[in-house]
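S.K.: Below you'll find coords.tsv; it's TSV, C-alpha atoms.
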```
chain	number	residue	atom	x	y	z
A	1	MET	CA	-57.31	-6.72	11.43
A	2	THR	CA	-54.73	-8.78	9.53
A	3	PHE	CA	-55.33	-10.72	6.32
A	4	ARG	CA	-54.76	-13.93	8.32
A	5	LEU	CA	-57.54	-12.99	10.72
A	6	VAL	CA	-59.94	-12.00	7.92
A	7	ALA	CA	-59.30	-15.37	6.24
A	8	ALA	CA	-59.73	-17.15	9.60
A	9	ILE	CA	-63.13	-15.52	10.26
A	10	ILE	CA	-64.37	-16.40	6.75
A	11	LEU	CA	-63.10	-20.00	6.98
A	12	ARG	CA	-64.54	-20.46	10.48
A	13	ASP	CA	-67.95	-19.15	9.42
A	14	ILE	CA	-67.97	-21.36	6.31
A	15	ARG	CA	-67.08	-24.35	8.51
A	16	LEU	CA	-69.92	-23.43	10.88
A	17	ASN	CA	-72.30	-23.26	7.92
A	18	MET	CA	-71.09	-26.66	6.73
A	19	ALA	CA	-71.44	-28.11	10.23
A	20	GLY	CA	-75.14	-27.20	10.13
A	21	PRO	CA	-75.91	-27.15	6.39
A	22	TRP	CA	-79.68	-27.16	6.90
A	23	GLU	CA	-79.67	-23.34	6.83
A	24	ILE	CA	-78.14	-23.26	3.33
A	25	CYS	CA	-80.53	-26.06	2.29
A	26	ALA	CA	-83.48	-24.11	3.72
A	27	THR	CA	-82.44	-21.03	1.72
A	28	LEU	CA	-82.23	-23.04	-1.52
A	29	CYS	CA	-85.48	-24.91	-0.84
A	30	PHE	CA	-87.24	-21.60	-0.12
A	31	PHE	CA	-86.09	-20.23	-3.48
A	32	ILE	CA	-87.04	-23.38	-5.41
A	33	LEU	CA	-90.45	-23.76	-3.74
A	34	ILE	CA	-91.48	-20.14	-4.35
A	35	ALA	CA	-90.27	-20.35	-7.96
A	36	ILE	CA	-92.42	-23.47	-8.45
A	37	LEU	CA	-95.41	-22.10	-6.52
A	38	PHE	CA	-95.84	-18.94	-8.60
A	39	PRO	CA	-96.79	-20.63	-11.93
A	40	PHE	CA	-99.50	-22.56	-10.08
A	41	ALA	CA	-100.95	-19.23	-8.92
A	42	ILE	CA	-100.61	-17.18	-12.11
A	43	GLY	CA	-100.73	-19.85	-14.81
A	44	ASP	CA	-98.02	-21.34	-17.02
A	45	ASP	CA	-98.35	-19.08	-20.07
A	46	PRO	CA	-94.72	-18.89	-21.35
A	47	LEU	CA	-95.19	-15.30	-22.55
A	48	LEU	CA	-96.40	-14.15	-19.14
A	49	LEU	CA	-93.66	-16.08	-17.32
A	50	SER	CA	-90.92	-14.64	-19.53
A	51	ARG	CA	-92.28	-11.09	-19.02
A	52	ILE	CA	-92.49	-11.15	-15.19
A	53	GLY	CA	-89.98	-13.92	-14.44
A	54	ALA	CA	-86.93	-11.70	-13.93
A	55	GLY	CA	-88.66	-9.46	-11.37
A	56	ILE	CA	-90.11	-12.38	-9.46
A	57	GLY	CA	-86.82	-14.29	-9.54
A	58	PHE	CA	-84.85	-11.35	-8.22
A	59	THR	CA	-87.40	-10.62	-5.49
A	60	VAL	CA	-87.48	-14.26	-4.38
A	61	LEU	CA	-83.67	-14.35	-4.38
A	62	ILE	CA	-83.63	-11.30	-2.10
A	63	LEU	CA	-86.16	-12.88	0.27
A	64	ALA	CA	-84.24	-16.16	0.31
A	65	SER	CA	-80.98	-14.35	1.10
A	66	LEU	CA	-82.66	-12.72	4.10
A	67	VAL	CA	-83.38	-16.11	5.69
A	68	SER	CA	-81.26	-16.41	8.87
A	69	LEU	CA	-79.53	-13.07	8.19
A	70	ASP	CA	-80.06	-12.16	11.85
A	71	HIS	CA	-77.70	-15.04	12.80
A	72	VAL	CA	-74.73	-13.37	11.10
A	73	PHE	CA	-73.61	-11.62	14.31
A	74	ALA	CA	-76.05	-13.00	16.89
A	75	ARG	CA	-74.16	-16.25	17.51
A	76	ASP	CA	-70.81	-14.51	17.97
A	77	TYR	CA	-72.54	-12.01	20.24
A	78	GLU	CA	-74.17	-14.68	22.40
A	79	ASP	CA	-71.14	-16.95	22.81
A	80	GLY	CA	-68.64	-14.13	23.47
A	81	SER	CA	-66.60	-14.44	20.23
A	82	LEU	CA	-67.52	-10.88	19.34
A	83	ASP	CA	-65.91	-9.67	22.61
A	84	LEU	CA	-62.72	-11.60	21.85
A	85	ILE	CA	-62.47	-10.20	18.31
A	86	ALA	CA	-63.37	-6.65	19.40
A	87	ALA	CA	-60.81	-6.64	22.25
A	88	ARG	CA	-58.06	-7.92	19.96
A	89	ALA	CA	-58.67	-6.47	16.51
A	90	GLY	CA	-61.57	-4.01	16.59
A	91	THR	CA	-64.77	-4.31	14.59
A	92	THR	CA	-64.33	-1.99	11.59
A	93	LEU	CA	-63.82	-4.76	9.04
A	94	LEU	CA	-66.42	-7.13	10.50
A	95	VAL	CA	-69.28	-5.93	8.26
A	96	PRO	CA	-67.41	-6.47	4.93
A	97	VAL	CA	-65.91	-9.74	6.21
A	98	LYS	CA	-69.28	-11.10	7.33
A	99	ALA	CA	-70.89	-9.79	4.12
A	100	LEU	CA	-68.38	-11.78	2.08
A	101	THR	CA	-69.21	-14.91	4.10
A	102	HIS	CA	-72.93	-14.22	3.63
A	103	TRP	CA	-72.39	-13.80	-0.11
A	104	LEU	CA	-70.42	-17.06	-0.35
A	105	THR	CA	-72.84	-19.15	1.72
A	106	ARG	CA	-76.23	-17.62	0.83
A	107	ILE	CA	-76.07	-15.63	-2.44
A	108	LEU	CA	-73.62	-17.77	-4.42
A	109	PRO	CA	-75.70	-20.99	-4.11
A	110	LEU	CA	-78.73	-18.99	-5.28
A	111	LEU	CA	-76.75	-17.57	-8.22
A	112	ILE	CA	-75.83	-21.11	-9.21
A	113	LEU	CA	-79.53	-22.03	-9.20
A	114	LEU	CA	-80.54	-18.96	-11.21
A	115	PRO	CA	-79.85	-20.43	-14.71
A	116	LEU	CA	-82.20	-23.32	-13.87
A	117	TYR	CA	-84.80	-20.79	-12.80
A	118	GLY	CA	-84.24	-18.89	-16.06
A	119	LEU	CA	-84.94	-22.03	-18.09
A	120	LEU	CA	-88.10	-22.88	-16.12
A	121	TRP	CA	-89.40	-19.31	-16.46
A	122	HIS	CA	-88.48	-18.93	-20.16
A	123	GLN	CA	-86.11	-16.03	-19.57
A	124	PRO	CA	-84.91	-14.59	-22.91
A	125	ARG	CA	-82.09	-12.50	-21.39
A	126	LEU	CA	-80.67	-14.92	-18.83
A	127	GLY	CA	-77.09	-13.64	-19.18
A	128	ALA	CA	-78.14	-10.07	-18.48
A	129	LEU	CA	-80.22	-11.20	-15.48
A	130	LEU	CA	-77.26	-13.14	-14.07
A	131	LEU	CA	-74.94	-10.17	-14.54
A	132	ALA	CA	-77.44	-7.77	-12.94
A	133	VAL	CA	-77.91	-10.03	-9.90
A	134	LEU	CA	-74.16	-10.59	-9.65
A	135	LEU	CA	-73.51	-6.83	-9.63
A	136	ALA	CA	-76.36	-6.10	-7.23
A	137	SER	CA	-75.54	-8.87	-4.77
A	138	PRO	CA	-72.52	-7.30	-2.97
A	139	ALA	CA	-74.61	-4.25	-2.01
A	140	LEU	CA	-77.47	-6.56	-0.94
A	141	SER	CA	-75.12	-8.55	1.31
A	142	LEU	CA	-73.47	-5.45	2.78
A	143	LEU	CA	-76.83	-3.80	3.52
A	144	GLY	CA	-78.20	-7.02	5.02
A	145	VAL	CA	-75.19	-7.57	7.26
A	146	ALA	CA	-75.16	-3.92	8.37
A	147	GLY	CA	-78.87	-4.31	9.21
A	148	ALA	CA	-78.05	-7.45	11.21
A	149	ALA	CA	-75.43	-5.44	13.14
A	150	LEU	CA	-78.00	-2.74	13.88
A	151	ALA	CA	-80.52	-5.32	15.13
A	152	LEU	CA	-77.93	-7.04	17.36
A	153	GLY	CA	-79.26	-7.64	20.85
A	154	SER	CA	-82.84	-6.87	19.82
A	155	ARG	CA	-85.60	-9.36	20.63
A	156	LEU	CA	-87.20	-8.79	17.21
A	157	GLY	CA	-84.16	-10.28	15.44
A	158	ALA	CA	-84.98	-11.46	11.92
A	159	LEU	CA	-88.12	-9.36	11.60
A	160	LEU	CA	-86.29	-6.16	12.52
A	161	VAL	CA	-83.49	-6.93	10.05
A	162	MET	CA	-86.07	-7.32	7.25
A	163	LEU	CA	-87.88	-4.12	8.21
A	164	LEU	CA	-84.60	-2.19	8.29
A	165	VAL	CA	-83.11	-3.58	5.12
A	166	MET	CA	-85.92	-4.09	2.62
A	167	PRO	CA	-86.74	-0.40	2.02
A	168	LEU	CA	-83.05	0.16	1.27
A	169	TYR	CA	-83.14	-2.58	-1.37
A	170	VAL	CA	-85.66	-0.62	-3.50
A	171	PRO	CA	-83.17	1.41	-5.62
A	172	ILE	CA	-81.02	-1.69	-6.15
A	173	VAL	CA	-84.06	-3.64	-7.40
A	174	ILE	CA	-85.06	-0.79	-9.75
A	175	PHE	CA	-81.61	-0.51	-11.34
A	176	ALA	CA	-81.05	-4.29	-11.48
A	177	MET	CA	-84.32	-4.71	-13.40
A	178	ALA	CA	-83.47	-1.80	-15.69
A	179	ALA	CA	-80.07	-3.36	-16.34
A	180	GLN	CA	-81.36	-6.82	-17.25
A	181	ALA	CA	-84.18	-5.42	-19.45
A	182	GLY	CA	-81.69	-4.18	-22.06
A	183	GLY	CA	-82.14	-1.05	-24.15
A	184	GLU	CA	-80.40	2.29	-23.99
A	185	GLN	CA	-80.54	2.61	-20.22
A	186	ALA	CA	-79.05	-0.81	-19.45
A	187	GLY	CA	-75.42	0.31	-19.55
A	188	GLY	CA	-76.01	3.16	-17.12
A	189	ALA	CA	-78.02	0.88	-14.84
A	190	PHE	CA	-75.16	-1.63	-14.67
A	191	TRP	CA	-72.80	1.18	-13.67
A	192	MET	CA	-75.28	2.35	-11.05
A	193	LEU	CA	-75.20	-1.14	-9.50
A	194	VAL	CA	-71.40	-0.94	-9.33
A	195	GLY	CA	-71.84	2.50	-7.73
A	196	PHE	CA	-74.18	1.04	-5.09
A	197	ASP	CA	-71.60	-1.64	-4.29
A	198	LEU	CA	-68.86	0.95	-3.83
A	199	LEU	CA	-71.12	3.25	-1.79
A	200	ALA	CA	-72.09	0.36	0.49
A	201	LEU	CA	-68.47	-0.72	0.87
A	202	GLY	CA	-67.36	2.83	1.66
A	203	THR	CA	-70.00	3.65	4.28
A	204	LEU	CA	-71.49	0.54	5.87
A	205	PRO	CA	-68.36	-0.76	7.68
A	206	TRP	CA	-68.39	2.40	9.82
A	207	ALA	CA	-72.11	2.19	10.51
A	208	GLY	CA	-71.66	-1.49	11.38
A	209	ARG	CA	-68.77	-0.73	13.71
A	210	ALA	CA	-70.90	1.78	15.63
A	211	SER	CA	-73.80	-0.69	15.88
A	212	ILE	CA	-71.61	-3.58	17.04
A	213	GLY	CA	-69.81	-1.36	19.56
A	214	GLN	CA	-73.15	-0.26	21.00
A	215	ALA	CA	-74.34	-3.87	21.28
A	216	ILE	CA	-71.12	-4.95	23.03
A	217	ARG	CA	-71.51	-2.14	25.56
A	218	PHE	CA	-74.96	-3.44	26.53
A	219	SER	CA	-74.01	-7.15	26.57
B	1	MET	CA	-47.47	-0.41	32.69
B	2	LEU	CA	-51.20	-0.27	33.51
B	3	GLU	CA	-52.21	3.04	35.08
B	4	ALA	CA	-55.79	3.73	36.12
B	5	ARG	CA	-56.79	7.04	37.70
B	6	ASP	CA	-60.35	7.43	39.03
B	7	ILE	CA	-61.79	5.03	36.46
B	8	ALA	CA	-65.51	4.35	36.59
B	9	CYS	CA	-68.25	3.24	34.23
B	10	GLN	CA	-72.00	3.00	33.90
B	11	ARG	CA	-73.86	-0.26	33.44
B	12	ALA	CA	-77.61	-0.30	32.78
B	13	GLY	CA	-77.97	3.21	34.19
B	14	ARG	CA	-76.09	2.59	37.45
B	15	ILE	CA	-72.47	3.01	38.53
B	16	PRO	CA	-71.35	-0.45	39.68
B	17	PHE	CA	-68.24	0.63	41.65
B	18	ALA	CA	-66.71	3.80	43.12
B	19	PRO	CA	-63.90	5.42	41.06
B	20	LEU	CA	-60.76	3.29	41.24
B	21	SER	CA	-57.07	4.12	40.97
B	22	PHE	CA	-54.18	1.66	40.70
B	23	THR	CA	-50.88	1.15	38.93
B	24	LEU	CA	-49.47	-2.20	37.84
B	25	CYS	CA	-45.97	-2.79	36.49
B	26	PRO	CA	-45.03	-5.60	34.06
B	27	GLY	CA	-45.09	-8.96	35.84
B	28	GLU	CA	-47.53	-7.83	38.52
B	29	ALA	CA	-50.95	-9.33	39.20
B	30	LEU	CA	-54.10	-7.72	40.60
B	31	LEU	CA	-56.88	-9.72	42.23
B	32	VAL	CA	-60.37	-8.23	42.01
B	33	THR	CA	-62.88	-9.61	44.50
B	34	GLY	CA	-66.43	-8.71	45.42
B	35	ALA	CA	-69.94	-10.06	45.74
B	36	ASN	CA	-72.19	-10.81	42.75
B	37	GLY	CA	-73.12	-7.56	41.01
B	38	SER	CA	-70.29	-5.58	42.62
B	39	GLY	CA	-68.86	-4.71	39.18
B	40	LYS	CA	-65.96	-7.15	38.70
B	41	THR	CA	-66.95	-7.98	35.12
B	42	SER	CA	-67.66	-4.30	34.36
B	43	LEU	CA	-64.17	-3.37	35.60
B	44	LEU	CA	-62.54	-6.00	33.40
B	45	ARG	CA	-64.61	-4.97	30.36
B	46	LEU	CA	-63.68	-1.35	31.01
B	47	LEU	CA	-59.98	-2.31	31.12
B	48	ALA	CA	-60.44	-4.34	27.90
B	49	GLY	CA	-61.89	-1.31	26.11
B	50	LEU	CA	-65.29	-3.00	25.66
B	51	LEU	CA	-67.08	-0.51	27.92
B	52	PRO	CA	-66.72	3.27	27.76
B	53	GLY	CA	-65.73	4.87	31.03
B	54	GLU	CA	-64.56	7.93	32.89
B	55	GLY	CA	-61.18	8.79	34.36
B	56	SER	CA	-57.75	8.22	32.90
B	57	LEU	CA	-56.61	4.80	31.71
B	58	ASN	CA	-53.20	4.03	30.23
B	59	ARG	CA	-52.87	0.41	29.27
B	60	PRO	CA	-50.46	-1.63	27.20
B	61	GLU	CA	-51.73	-3.15	23.96
B	62	PRO	CA	-52.79	-5.70	22.88
B	63	VAL	CA	-55.14	-7.01	25.56
B	64	VAL	CA	-56.33	-10.58	26.14
B	65	TYR	CA	-59.78	-10.70	27.70
B	66	LEU	CA	-61.28	-14.05	28.68
B	67	GLY	CA	-64.73	-13.42	30.12
B	68	HIS	CA	-67.64	-15.54	31.32
B	69	ARG	CA	-68.64	-16.41	27.77
B	70	ASP	CA	-65.78	-18.40	26.29
B	71	GLY	CA	-66.33	-17.67	22.58
B	72	LEU	CA	-65.81	-21.35	21.73
B	73	LYS	CA	-67.89	-22.60	18.82
B	74	ARG	CA	-69.74	-25.71	19.99
B	75	GLU	CA	-70.09	-27.17	16.47
B	76	LEU	CA	-66.33	-27.07	15.82
B	77	SER	CA	-63.50	-29.18	17.20
B	78	VAL	CA	-61.11	-28.03	19.91
B	79	SER	CA	-58.29	-27.71	17.36
B	80	ASP	CA	-60.48	-25.64	14.98
B	81	ASN	CA	-61.36	-23.29	17.83
B	82	LEU	CA	-57.75	-22.92	18.92
B	83	SER	CA	-56.58	-22.44	15.33
B	84	PHE	CA	-58.98	-19.51	15.06
B	85	TRP	CA	-57.54	-18.06	18.27
B	86	ARG	CA	-54.00	-18.44	16.87
B	87	ALA	CA	-55.07	-16.54	13.74
B	88	LEU	CA	-56.61	-13.84	15.95
B	89	TRP	CA	-53.29	-13.46	17.72
B	90	ASN	CA	-51.07	-14.24	14.73
B	91	ASP	CA	-49.47	-16.89	16.95
B	92	ARG	CA	-47.21	-19.74	15.79
B	93	HIS	CA	-47.06	-21.88	18.95
B	94	GLU	CA	-47.94	-25.58	18.76
B	95	LEU	CA	-51.51	-26.45	19.71
B	96	ASP	CA	-50.42	-29.72	21.33
B	97	ALA	CA	-48.12	-27.96	23.78
B	98	ALA	CA	-50.91	-25.56	24.84
B	99	LEU	CA	-53.39	-28.42	25.30
B	100	ALA	CA	-50.84	-30.45	27.26
B	101	LEU	CA	-50.55	-27.63	29.81
B	102	PHE	CA	-54.09	-28.46	30.94
B	103	GLY	CA	-53.92	-32.19	30.26
B	104	ILE	CA	-56.43	-32.05	27.41
B	105	ALA	CA	-54.29	-33.08	24.42
B	106	PRO	CA	-56.51	-36.19	23.82
B	107	LEU	CA	-59.51	-33.88	23.35
B	108	LYS	CA	-57.93	-32.08	20.37
B	109	GLU	CA	-60.26	-33.49	17.70
B	110	ARG	CA	-63.38	-33.63	19.88
B	111	LYS	CA	-66.22	-31.20	19.18
B	112	VAL	CA	-66.62	-28.60	21.91
B	113	GLN	CA	-70.30	-29.48	22.36
B	114	SER	CA	-69.24	-32.94	23.59
B	115	LEU	CA	-67.05	-31.56	26.39
B	116	SER	CA	-67.98	-31.03	30.03
B	117	ALA	CA	-68.01	-27.51	31.54
B	118	GLY	CA	-64.64	-28.16	33.21
B	119	GLN	CA	-63.07	-29.44	29.98
B	120	ARG	CA	-64.42	-26.41	28.08
B	121	LYS	CA	-62.88	-24.15	30.71
B	122	ARG	CA	-59.52	-25.87	30.22
B	123	VAL	CA	-59.76	-25.35	26.45
B	124	ASP	CA	-60.69	-21.72	27.09
B	125	LEU	CA	-57.66	-21.20	29.36
B	126	SER	CA	-55.23	-23.09	27.13
B	127	ARG	CA	-55.60	-20.15	24.73
B	128	LEU	CA	-53.46	-18.11	27.13
B	129	ALA	CA	-50.48	-20.16	25.96
B	130	LEU	CA	-51.25	-19.24	22.34
B	131	CYS	CA	-50.85	-15.49	22.53
B	132	ALA	CA	-48.29	-13.01	23.76
B	133	ALA	CA	-49.97	-10.01	25.35
B	134	PRO	CA	-48.69	-7.50	27.90
B	135	LEU	CA	-52.10	-7.27	29.60
B	136	ILE	CA	-54.25	-10.30	30.44
B	137	LEU	CA	-57.76	-9.92	31.91
B	138	LEU	CA	-59.43	-13.02	33.35
B	139	ASP	CA	-62.97	-13.19	34.67
B	140	GLU	CA	-63.34	-16.04	37.18
B	141	PRO	CA	-60.78	-18.31	35.48
B	142	ASN	CA	-61.08	-20.96	38.21
B	143	GLU	CA	-64.83	-21.46	37.65
B	144	HIS	CA	-65.67	-25.14	36.88
B	145	LEU	CA	-62.05	-26.23	37.45
B	146	ASP	CA	-61.10	-29.07	39.78
B	147	ASP	CA	-58.03	-28.86	42.08
B	148	GLU	CA	-55.70	-30.16	39.38
B	149	GLY	CA	-57.09	-27.61	36.89
B	150	VAL	CA	-56.56	-24.77	39.38
B	151	PHE	CA	-52.97	-25.95	39.93
B	152	GLN	CA	-52.34	-26.00	36.15
B	153	LEU	CA	-53.92	-22.55	35.82
B	154	VAL	CA	-51.76	-21.06	38.58
B	155	ARG	CA	-48.65	-22.60	37.03
B	156	LEU	CA	-49.49	-20.99	33.67
B	157	LEU	CA	-50.28	-17.61	35.26
B	158	GLU	CA	-46.91	-17.67	37.07
B	159	GLU	CA	-45.24	-18.40	33.75
B	160	LEU	CA	-47.08	-15.46	32.10
B	161	ARG	CA	-45.97	-13.18	34.94
B	162	GLY	CA	-42.43	-14.37	34.36
B	163	ARG	CA	-42.83	-13.18	30.74
B	164	GLN	CA	-43.72	-9.73	32.13
B	165	SER	CA	-47.45	-9.85	31.37
B	166	ILE	CA	-49.71	-7.85	33.70
B	167	LEU	CA	-52.56	-9.97	35.08
B	168	VAL	CA	-55.91	-8.69	36.32
B	169	VAL	CA	-57.99	-11.54	37.71
B	170	ALA	CA	-61.55	-11.36	39.02
B	171	ALA	CA	-62.26	-14.38	41.20
B	172	HIS	CA	-64.72	-15.60	43.80
B	173	GLY	CA	-63.03	-18.63	45.29
B	174	HIS	CA	-59.46	-19.03	46.50
B	175	LEU	CA	-56.81	-18.77	43.80
B	176	PRO	CA	-53.36	-19.69	45.19
B	177	LEU	CA	-51.41	-17.09	43.23
B	178	ALA	CA	-49.08	-14.51	44.80
B	179	PHE	CA	-50.97	-11.33	43.85
B	180	SER	CA	-49.17	-7.97	43.99
B	181	ALA	CA	-52.34	-6.08	44.86
B	182	ARG	CA	-56.01	-6.65	45.67
B	183	VAL	CA	-59.13	-4.62	45.00
B	184	ALA	CA	-62.31	-5.48	46.88
B	185	LEU	CA	-65.43	-4.11	45.19
B	186	SER	CA	-68.56	-3.59	47.25
```
Using structure tokens, write down the structure that the file contains.

M.R.:
Amino acid sequence: MTFRLVAAIILRDIRLNMAGPWEICATLCFFILIAILFPFAIGDDPLLLSRIGAGIGFTVLILASLVSLDHVFARDYEDGSLDLIAARAGTTLLVPVKALTHWLTRILPLLILLPLYGLLWHQPRLGALLLAVLLASPALSLLGVAGAALALGSRLGALLVMLLVMPLYVPIVIFAMAAQAGGEQAGGAFWMLVGFDLLALGTLPWAGRASIGQAIRFS
Amino acid sequence: MLEARDIACQRAGRIPFAPLSFTLCPGEALLVTGANGSGKTSLLRLLAGLLPGEGSLNRPEPVVYLGHRDGLKRELSVSDNLSFWRALWNDRHELDAALALFGIAPLKERKVQSLSAGQRKRVDLSRLALCAAPLILLDEPNEHLDDEGVFQLVRLLEELRGRQSILVVAAHGHLPLAFSARVALS
């Protein structure tokens, strides 16, 4: 897969997202609505909000990023683009390429909203939270996209992707929260997040290739 | 050269066709015929490397495979779709020249979702002019085409043969191309 092709896949997918921007809007609205809904349920005590805000914000961000994750490969699979790409260039780099597109179109808009969330939820360590989410997000995207590849061709679609991926998010959530909390362990937790990113990048493309190949065989 | 010796594959637990053997030299064309479900698409997908199979297969690389599903993005314009194809093939040919081959240059900026099935097929086939591959696999390329479209397709296929590409074409209806060999699947 050449650099030109990688760039072409990313640009095409961004254009497709822009052609139907309601999916990005739905992701952002989901995040905003949940962030607003919580204080109505638990009360607006600033001390309470500042104590639990980071965990809730990160969890909601993860849930929002899962919206329409099953579409990452499904559309290419249904319209035959996946066959064209596989016959020409193989599928090894598809998981990282699609993960980058997912990060740009789903995670990045949420990251941009995060400072506003931090202000609303009285977050004292907003910079650390942003850095923790930024470092955790590549692994989240890679795991999500690999899960979407595994669920390709399944009738359960989005639900299966969530069931496959969410248990794997647990260690990332633990270390991201440890990193943003500060203290002695924060430095190590940040490095662990970088380690998760590298581990995901080193292993998931191969798992994704096997999953996509299997789906193509049964199409 | 494309050399197949006793190739076969499994599809949904059944073997769609008996083991096949054939050899095609550069510039030759093979017509694959057969009733619905006889395994024409499976054979093409096997030759494209999209299906695992048995037997021995030596094929030139890279391979162009245009199947039933065209891979065109409905939300994007014709030129956006063809630009993606050019990137896939690292091709530098002019889009206008490829579109003119099928008389669809005026459709360049139209979204694919606004095109008829026949126009979409012409866009699909115009991609053949935007890649240089020694092996070209076409699954029912004349589907949805009118007489003029079939004539333009045959003219392009003859040109590709002249450039020493090997063609394997699965077709139902009549395709007025001088094929070097025929395989009838049953």

S.K.: Go through A:Thr27, A:Ser50, A:Ser219, A:Ser137 and flag the residue nearest chain B, using all atoms listed in the file for the distances.

M.R.: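 Once distances to chain B are computed over all atoms listed in the file, the minimum belongs to A:Ser219.
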
S.K.: Would you kindly identify which residues have an atom no farther than 6 Å from (-49.5, -8.1, 34.8), using all atoms listed in the file and the file's own coordinates, and write them out as a PyMOL selection string?

M.R.: chain B and resi 26-29+135+165-167

S.K.: So which one's closest to Gly195 (chain A), A:Met1, A:Leu163, A:Ala178, A:Ala139? Using all atoms listed in the file, please.

M.R.: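 Nearest to Gly195 (chain A): A:Ala139.
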
S.K.: Mind dumping a table of every chain A residue within 7 Å of chain B, with the nearest atom pair and its distance in Å to one decimal, using all atoms listed in the file, sorted by chain and rising number, as a Markdown table?

M.R.:
```
| residue | atom | partner | partner_atom | distance |
| --- | --- | --- | --- | --- |
| A:Arg4 | CA | B:Ala87 | CA | 6.0 |
| A:Leu5 | CA | B:Ala87 | CA | 5.3 |
| A:Ala8 | CA | B:Phe84 | CA | 6.0 |
| A:Leu16 | CA | B:Glu75 | CA | 6.7 |
| A:Ala19 | CA | B:Glu75 | CA | 6.5 |
| A:Asp79 | CA | B:Gly71 | CA | 4.9 |
| A:Gly80 | CA | B:Gly71 | CA | 4.3 |
| A:Ser81 | CA | B:Gly71 | CA | 4.0 |
| A:Leu84 | CA | B:Tyr65 | CA | 6.6 |
| A:Ala87 | CA | B:Ala48 | CA | 6.1 |
| A:Arg88 | CA | B:Val63 | CA | 6.4 |
| A:Ile216 | CA | B:Leu50 | CA | 6.7 |
| A:Arg217 | CA | B:Leu51 | CA | 5.3 |
```

S.K.: Can you work out the spacing between CA of Ala176 (chain A) and CA of Ser211 (chain A) in Å, to one decimal?

M.R.: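 Computed distance, CA of Ala176 (chain A) to CA of Ser211 (chain A), equals 28.5 Å.
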
S.K.: For a test of reading the model, state the distance in Å between CA of Val194 (chain A) and CA of Leu134 (chain A), rounded to one decimal.

M.R.: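 If I compute the distance from CA of Val194 (chain A) to CA of Leu134 (chain A), I get 10.0 Å.
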
S.K.: Can you tell me which residues surround Leu101 (chain B) at a distance of at most 8 Å, considering all atoms listed in the file, apart from same-chain residues fewer than 6 positions away, and format the answer as a list in words?

M.R.: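 Contacts, with the query itself left out: Ser126, Gln152 and Leu156 of chain B.
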
S.K.: One number please: CA of Leu193 (chain A) to CA of Ala136 (chain A), in Å, one decimal.

M.R.: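 Interatomic distance, CA of Leu193 (chain A) to CA of Ala136 (chain A): 5.6 Å.
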
S.K.: Contacts of Leu33 (chain A) at 10 Å or less, counting all atoms listed in the file, minus same-chain residues fewer than 5 places along, as a list in words?

M.R.: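 The contact residues come out as Leu28, Phe38 and Val60 of chain A.
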
S.K.: If we count all atoms listed in the file, what is near Arg155 (chain A) at a cut-off of 12 Å, once residues fewer than 4 positions away on the same chain are taken out, given as a PyMOL selection string?

M.R.: chain A and resi 70+74+151+159-161

S.K.: Give the answer as one residue: which of A:Leu129, A:Val165, A:Leu37, A:Leu135 has the shortest atom-to-atom distance to Ala149 (chain A), using only C-alpha atoms?

M.R.: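 Among the listed residues, A:Val165 lies closest to Ala149 (chain A).
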
S.K.: Using all atoms listed in the file, which protein or nucleic acid residues come within 12 Å of Ala132 (chain A)? Drop anything in the same chain fewer than 2 positions from it, and give the result as a ChimeraX atom specification.

M.R.: /A:54-55,57-58,111,114,125-130,134-139,172-182,186-194

S.K.: Would you kindly return, as a ChimeraX atom specification, each protein, DNA or RNA residue with an atom no farther than 12 Å from any atom of Ile7 (chain B), considering only C-alpha atoms and excluding same-chain residues fewer than 5 positions away?

M.R.: /B:15-23,42-44,46-47,51-58

S.K.: Generate the output file for the selected residues, C-alpha atoms, as an mmCIF file, in the frame of the given file.

M.R.:
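This went into part-v8.cif:
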```
data_model
loop_
_atom_site.group_PDB
_atom_site.id
_atom_site.type_symbol
_atom_site.label_atom_id
_atom_site.label_comp_id
_atom_site.auth_asym_id
_atom_site.auth_seq_id
_atom_site.Cartn_x
_atom_site.Cartn_y
_atom_site.Cartn_z
ATOM 1 C CA ILE B 15 -72.470 3.010 38.530
ATOM 2 C CA PRO B 16 -71.350 -0.450 39.680
ATOM 3 C CA PHE B 17 -68.240 0.630 41.650
ATOM 4 C CA ALA B 18 -66.710 3.800 43.120
ATOM 5 C CA PRO B 19 -63.900 5.420 41.060
ATOM 6 C CA LEU B 20 -60.760 3.290 41.240
ATOM 7 C CA SER B 21 -57.070 4.120 40.970
ATOM 8 C CA PHE B 22 -54.180 1.660 40.700
ATOM 9 C CA THR B 23 -50.880 1.150 38.930
ATOM 10 C CA SER B 42 -67.660 -4.300 34.360
ATOM 11 C CA LEU B 43 -64.170 -3.370 35.600
ATOM 12 C CA LEU B 44 -62.540 -6.000 33.400
ATOM 13 C CA LEU B 46 -63.680 -1.350 31.010
ATOM 14 C CA LEU B 47 -59.980 -2.310 31.120
ATOM 15 C CA LEU B 51 -67.080 -0.510 27.920
ATOM 16 C CA PRO B 52 -66.720 3.270 27.760
ATOM 17 C CA GLY B 53 -65.730 4.870 31.030
ATOM 18 C CA GLU B 54 -64.560 7.930 32.890
ATOM 19 C CA GLY B 55 -61.180 8.790 34.360
ATOM 20 C CA SER B 56 -57.750 8.220 32.900
ATOM 21 C CA LEU B 57 -56.610 4.800 31.710
ATOM 22 C CA ASN B 58 -53.200 4.030 30.230
#
```

S.K.: Give, as lines of an AutoDock Vina configuration file, the centre coordinates and the x, y and z edge lengths in Å to one decimal for an axis-aligned box around all listed atoms of region 31-50 of chain A, padded by 4 Å on each side.

M.R.:
```
center_x = -93.5
center_y = -19.0
center_z = -13.0
size_x = 22.9
size_y = 17.6
size_z = 27.1
```
